[in-house]
Structures are given as structure tokens and as C-alpha cells.
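Notes follow once the structure below has been shown.
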Amino acid sequence: MNSVLWLISAVVHYLTIALFVYIVIDLLVKFGVLNAYNQVVQVVMNFLSRVFEPMLRPIRSILPDLGGIDISPVILVLLLQFAVRLLNEVARGL
């Protein structure tokens, strides 16, 4: 059971890092620092968008409009970390 929990924790950790990369690249493209027409930027953004948008979309639909501020990635990270800690607590109780 410990190895399964370790695997889940590692996947959540790497998903969190990839989410922050997605946020940073998205901001850099929006502010014009990165060229959105660059092939590498397009491939990376397309991949990260396909991974994270299905997870972020339900959170965005629940949140009220905050005037252009998107806190859905922060909520997603909190939910993922909460799920990992909850699994660890349940596993310790077994």
C-alpha cells in the first residue's frame, strides 16, 4: 500500500509542477514575452492545455467572476494536495 501511495503522491507532485509551468508559459504568452507562433511554444501549450483544461473547467464554472483573476489553478493544487493527504490518513488508519 505504501508504494501505491508513493506513486499517487509523486504523480500529484509532478502534476503540480506542470500546472505551474502551464500558468507561467500562459502568462508569458499573454504578456508578449514568448512568441505564441513559435512551434515549441505551441506544442507545449497545446499539450498542457489538453492535460489541465478538463480539470480547471469545472472549477471555473463554480467560481464567481473575479474580474479577470483566475484562481482556479490554486484551487486545483489545494484539492490535489488535500486528496493526497486524505489518502495518507486513510492508509495509516488501515
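Residues are referred to by chain and number: the chain letter is A, B, ... according to the order shown in the C-alpha cells, the number counts from 1 in that chain, and ligands are numbered separately from 1 in the order shown.
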Would you mind listing what lies within 12 Å of Phe52 in chain A as an MDAnalysis selection string, with only C-alpha atoms counted and same-chain residues fewer than 2 positions away left out? chainID A and resid 15:23 45:50 54:59 72:73 76:77
Could you take the residues named above and write them with N, CA, C and O atoms, as a short mmCIF file (atom, residue, chain, number, x, y, z; two decimals), in the first residue's frame?
```cif
data_model
loop_
_atom_site.label_atom_id
_atom_site.label_comp_id
_atom_site.auth_asym_id
_atom_site.auth_seq_id
_atom_site.Cartn_x
_atom_site.Cartn_y
_atom_site.Cartn_z
N LEU A 15 2.29 16.73 -11.37
CA LEU A 15 1.16 17.48 -11.95
C LEU A 15 1.16 18.92 -11.45
O LEU A 15 0.88 19.85 -12.22
N THR A 16 1.48 19.11 -10.19
CA THR A 16 1.54 20.46 -9.62
C THR A 16 2.64 21.28 -10.29
O THR A 16 2.42 22.44 -10.66
N ILE A 17 3.79 20.69 -10.50
CA ILE A 17 4.88 21.39 -11.18
C ILE A 17 4.48 21.72 -12.61
O ILE A 17 4.70 22.85 -13.08
N ALA A 18 3.88 20.77 -13.31
CA ALA A 18 3.46 21.01 -14.69
C ALA A 18 2.37 22.09 -14.75
O ALA A 18 2.34 22.89 -15.69
N LEU A 19 1.51 22.15 -13.75
CA LEU A 19 0.48 23.19 -13.71
C LEU A 19 1.11 24.56 -13.56
O LEU A 19 0.70 25.52 -14.22
N PHE A 20 2.12 24.68 -12.71
CA PHE A 20 2.80 25.96 -12.57
C PHE A 20 3.54 26.34 -13.86
O PHE A 20 3.56 27.51 -14.24
N VAL A 21 4.10 25.38 -14.55
CA VAL A 21 4.74 25.65 -15.84
C VAL A 21 3.69 26.15 -16.83
O VAL A 21 3.92 27.11 -17.58
N TYR A 22 2.53 25.52 -16.84
CA TYR A 22 1.44 25.93 -17.72
C TYR A 22 1.01 27.37 -17.43
O TYR A 22 0.82 28.17 -18.35
N ILE A 23 0.89 27.71 -16.16
CA ILE A 23 0.48 29.06 -15.77
C ILE A 23 1.52 30.08 -16.21
O ILE A 23 1.20 31.12 -16.79
N MET A 45 2.18 24.37 -25.07
CA MET A 45 0.90 24.91 -24.60
C MET A 45 -0.28 24.02 -24.98
O MET A 45 -1.21 23.85 -24.19
N ASN A 46 -0.24 23.45 -26.16
CA ASN A 46 -1.31 22.55 -26.58
C ASN A 46 -1.37 21.31 -25.68
O ASN A 46 -2.44 20.90 -25.23
N PHE A 47 -0.20 20.74 -25.39
CA PHE A 47 -0.16 19.56 -24.52
C PHE A 47 -0.65 19.89 -23.11
O PHE A 47 -1.51 19.19 -22.56
N LEU A 48 -0.12 20.96 -22.54
CA LEU A 48 -0.50 21.32 -21.16
C LEU A 48 -1.97 21.74 -21.10
O LEU A 48 -2.66 21.44 -20.11
N SER A 49 -2.46 22.37 -22.14
CA SER A 49 -3.87 22.74 -22.17
C SER A 49 -4.76 21.51 -22.20
O SER A 49 -5.78 21.45 -21.51
N ARG A 50 -4.37 20.52 -22.98
CA ARG A 50 -5.16 19.28 -23.04
C ARG A 50 -5.14 18.51 -21.72
O ARG A 50 -6.08 17.80 -21.39
N PRO A 54 -9.39 20.22 -18.81
CA PRO A 54 -10.51 19.42 -18.29
C PRO A 54 -10.61 19.42 -16.76
O PRO A 54 -11.70 19.25 -16.21
N MET A 55 -9.49 19.64 -16.08
CA MET A 55 -9.53 19.71 -14.63
C MET A 55 -9.91 21.11 -14.15
O MET A 55 -10.54 21.26 -13.10
N LEU A 56 -9.53 22.13 -14.89
CA LEU A 56 -9.78 23.51 -14.47
C LEU A 56 -11.18 23.99 -14.85
O LEU A 56 -11.75 24.84 -14.16
N ARG A 57 -11.74 23.47 -15.91
CA ARG A 57 -13.05 23.92 -16.40
C ARG A 57 -14.16 23.78 -15.36
O ARG A 57 -14.92 24.74 -15.15
N PRO A 58 -14.30 22.65 -14.66
CA PRO A 58 -15.37 22.57 -13.65
C PRO A 58 -15.17 23.54 -12.48
O PRO A 58 -16.14 24.08 -11.95
N ILE A 59 -13.91 23.78 -12.12
CA ILE A 59 -13.63 24.73 -11.04
C ILE A 59 -14.01 26.13 -11.48
O ILE A 59 -14.61 26.90 -10.73
N SER A 72 -8.48 29.44 -10.30
CA SER A 72 -8.79 28.01 -10.42
C SER A 72 -7.54 27.12 -10.33
O SER A 72 -7.64 26.03 -9.74
N PRO A 73 -6.36 27.51 -10.84
CA PRO A 73 -5.19 26.65 -10.65
C PRO A 73 -4.79 26.50 -9.18
O PRO A 73 -4.38 25.42 -8.75
N LEU A 76 -7.17 24.05 -7.71
CA LEU A 76 -6.83 22.70 -8.17
C LEU A 76 -5.65 22.13 -7.39
O LEU A 76 -5.68 20.97 -6.97
N VAL A 77 -4.62 22.94 -7.16
CA VAL A 77 -3.46 22.47 -6.39
C VAL A 77 -3.89 22.12 -4.97
O VAL A 77 -3.48 21.09 -4.42
#
```
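Residues in contact with range 82-94 of chain A at up to 12 Å, not including ones fewer than 4 positions away on its chain and judged by only C-alpha atoms, are Met1, Asn2, Ser3, Val4, Leu5, Trp6, Leu7, Ile8, Ser9, Ala10, Val11, Val12, His13, Ile75, Leu76, Val77 and Leu78 of chain A.
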